[in-house]
Each structure stands twice: as structure tokens, then as C-alpha cells.
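J.: For reference, the structure I am asking about is given below.
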Amino acid sequence: MSDKPHPGAVEVGGELYLQDCKGNLVPITAIKAGDLLIDELVRGIIQRAKAMSDQLAAFRVESFAQIGALQALLDQQYGVTVGGKKGNMTLTTFDGCQQLKVQVSDQYDFGPELLAAKALIDECLTEWAGGSPPELRAIVNRAFSVEKEGQINRAGLLMLLRVDSKDPRWGRAMDAIRDSMRTVGSREYLLYRVTIRRRAPLTIEQQLVWGAVVMSIKSCAPNDAGDALVMTCESGARS
């Protein structure tokens, strides 16, 4: 520990205290040195993480603002809108080595029709008895499982919609699932794709310098020609 006051210390009557998990103030002199080191380490790392999170948020806002300005410029110059119907678009450098992808994903919520769908599906599975394979029951259980923050497993529901049955109740259940889906918003993602090629006068070191931005590699594989390495990355920021 340094000579500076402990980052979480509270001064009362000239004495330094730390608050414990029950809200009580404990004199720092009565706390084990190891516990103080752990407390200081955790506070320091989280403080840096918050600063980095703010930096990333600012970078994201600035990046989308620059892309929006480019879209407005091209619209003004050519009278066309850049990007797909939902706003998806891809921007590539002249040499094809660097690529930005803007992906817009719809956010869904589910209405009470989902309860009717579950009742119809359970009715089918119960009546089919031995005629319903365990794989189908697993798909149903996964589809109607509740993920973190109370969100329905949408991927499981979409998988369930691909199951075909001639039972009219099953068809009504699938219709109820579709009717229950409501688009409640959308979220934009900014992805990076970087291809590294060894060719003069660039060096690998120069190709990997991105200022304050650090790339988190999501996947890495040779290209089809076998003469370059293709990486798909998400943006981050250097601490």
C-alpha cells in the first residue's frame, strides 16, 4: 500500500474508517493488511474500468456520428441513402484490408399470446405421448425457458417455429408465438474486420497501430486465397 489515504476511507473525528458489508464503520487500524490490499486493488481496478467504459462510450458515439455525417454527405451529393432498409451497412478501405460494419438488431418483447402458445404445445405433447420425441420436448423447454433479466429465449422460440406438424393445434400455437412478438426498439453494433498482409512498405507493427483504440479479436482465419489473415474484431480502448 502507498502512503496516500486508503481510497475507500471515511474520516471521522480525525480517524480513518472503512465501511463493512453491514454498513458499520471499522477503524482502518483494526483491519487486516491483506484485506486492505484486496479492498484497494478492487477499488482501483473498478475505477479504471469505469474510466475505460466512459472512453468506449464516447468512442462509440463519435464513430456513429462520423458514419452519419458520411451518409448525409452522400445523400446530399448523389440523392441516395447509404445502408440497408434497417440501417445495416459496410464500409471498406480502398485496399480492402479494413472494414467497418454497422449492424442494426431489432429488440423484441413477447405478449400474452405466448401463454396460449405454451398451453397448446403442452396439450399436443401430452396427447402425443410416446409419439413426441425427447428432442422436441428439449426444444420446447429451451424455447420457454427464461434467460437472465427475465428475457424469453427468443432463439429457442425461432427454432420451435421451424418444427412442422399437421396437428392444427400446433399450427395455432405457432401463430400465437408469431403474434406475441413485438418489436420494442433496435440496437446498433459497430464491428471491425481487419486483413493483415505483408507487403512493402508497410510493416506488421504499422498495420496494428490504431491510436487509442484496441481491437478485441473475435475470430481469426486465413482468407480463401491463403495469402492473408482475416480477423473479425470489436472495438475497445487502450487504458
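Going through the C-alpha cells in order, the chains are called A, B, and so on, while each chain numbers its residues from 1 and the ligands are numbered from 1 in the order shown.
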Pick out the residues sitting within 8 Å of Leu157 (chain A), and hand them over as a list in words; count only C-alpha atoms, and ignore anything fewer than 6 positions along from it in its own chain.
T.: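 Counting only the stated atoms, we get Val140, Ala143, Phe144 and Ile177 of chain A.
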J.: Contacts between region 104-117 of chain A and region 141-179 of chain A, please, where a residue of region 141-179 of chain A counts if it comes within 7 Å (with only C-alpha atoms); show its shortest atom pair and distance in Å to one decimal, rows by chain and ascending number, as JSON lines.
T.:
{"residue": "A:Ala173", "atom": "CA", "partner": "A:Ala117", "partner_atom": "CA", "distance": 4.2}
{"residue": "A:Met174", "atom": "CA", "partner": "A:Ala117", "partner_atom": "CA", "distance": 6.8}
{"residue": "A:Ala176", "atom": "CA", "partner": "A:Glu113", "partner_atom": "CA", "distance": 5.4}
{"residue": "A:Ile177", "atom": "CA", "partner": "A:Leu114", "partner_atom": "CA", "distance": 5.5}
{"residue": "A:Asp179", "atom": "CA", "partner": "A:Glu113", "partner_atom": "CA", "distance": 6.7}
J.: Which neighbours of Leu36 (chain A) fall inside 12 Å, counting only C-alpha atoms, when residues of the same chain fewer than 2 positions from it are skipped, and could you give them as a ChimeraX atom specification?
T.: /A:1-2,5-9,17-20,26-34,38-43
J.: Run DSSP on the backbone and give me the residues of region 15-79 of chain A it puts in strand (DSSP E or B), as a ChimeraX atom specification.
T.: /A:15-19,25-27
J.: Extract the full set of alpha helix (DSSP H) residues from region 151-185 of chain A according to DSSP on the backbone, and format it as a PyMOL selection string.
T.: chain A and resi 154-161+168-180
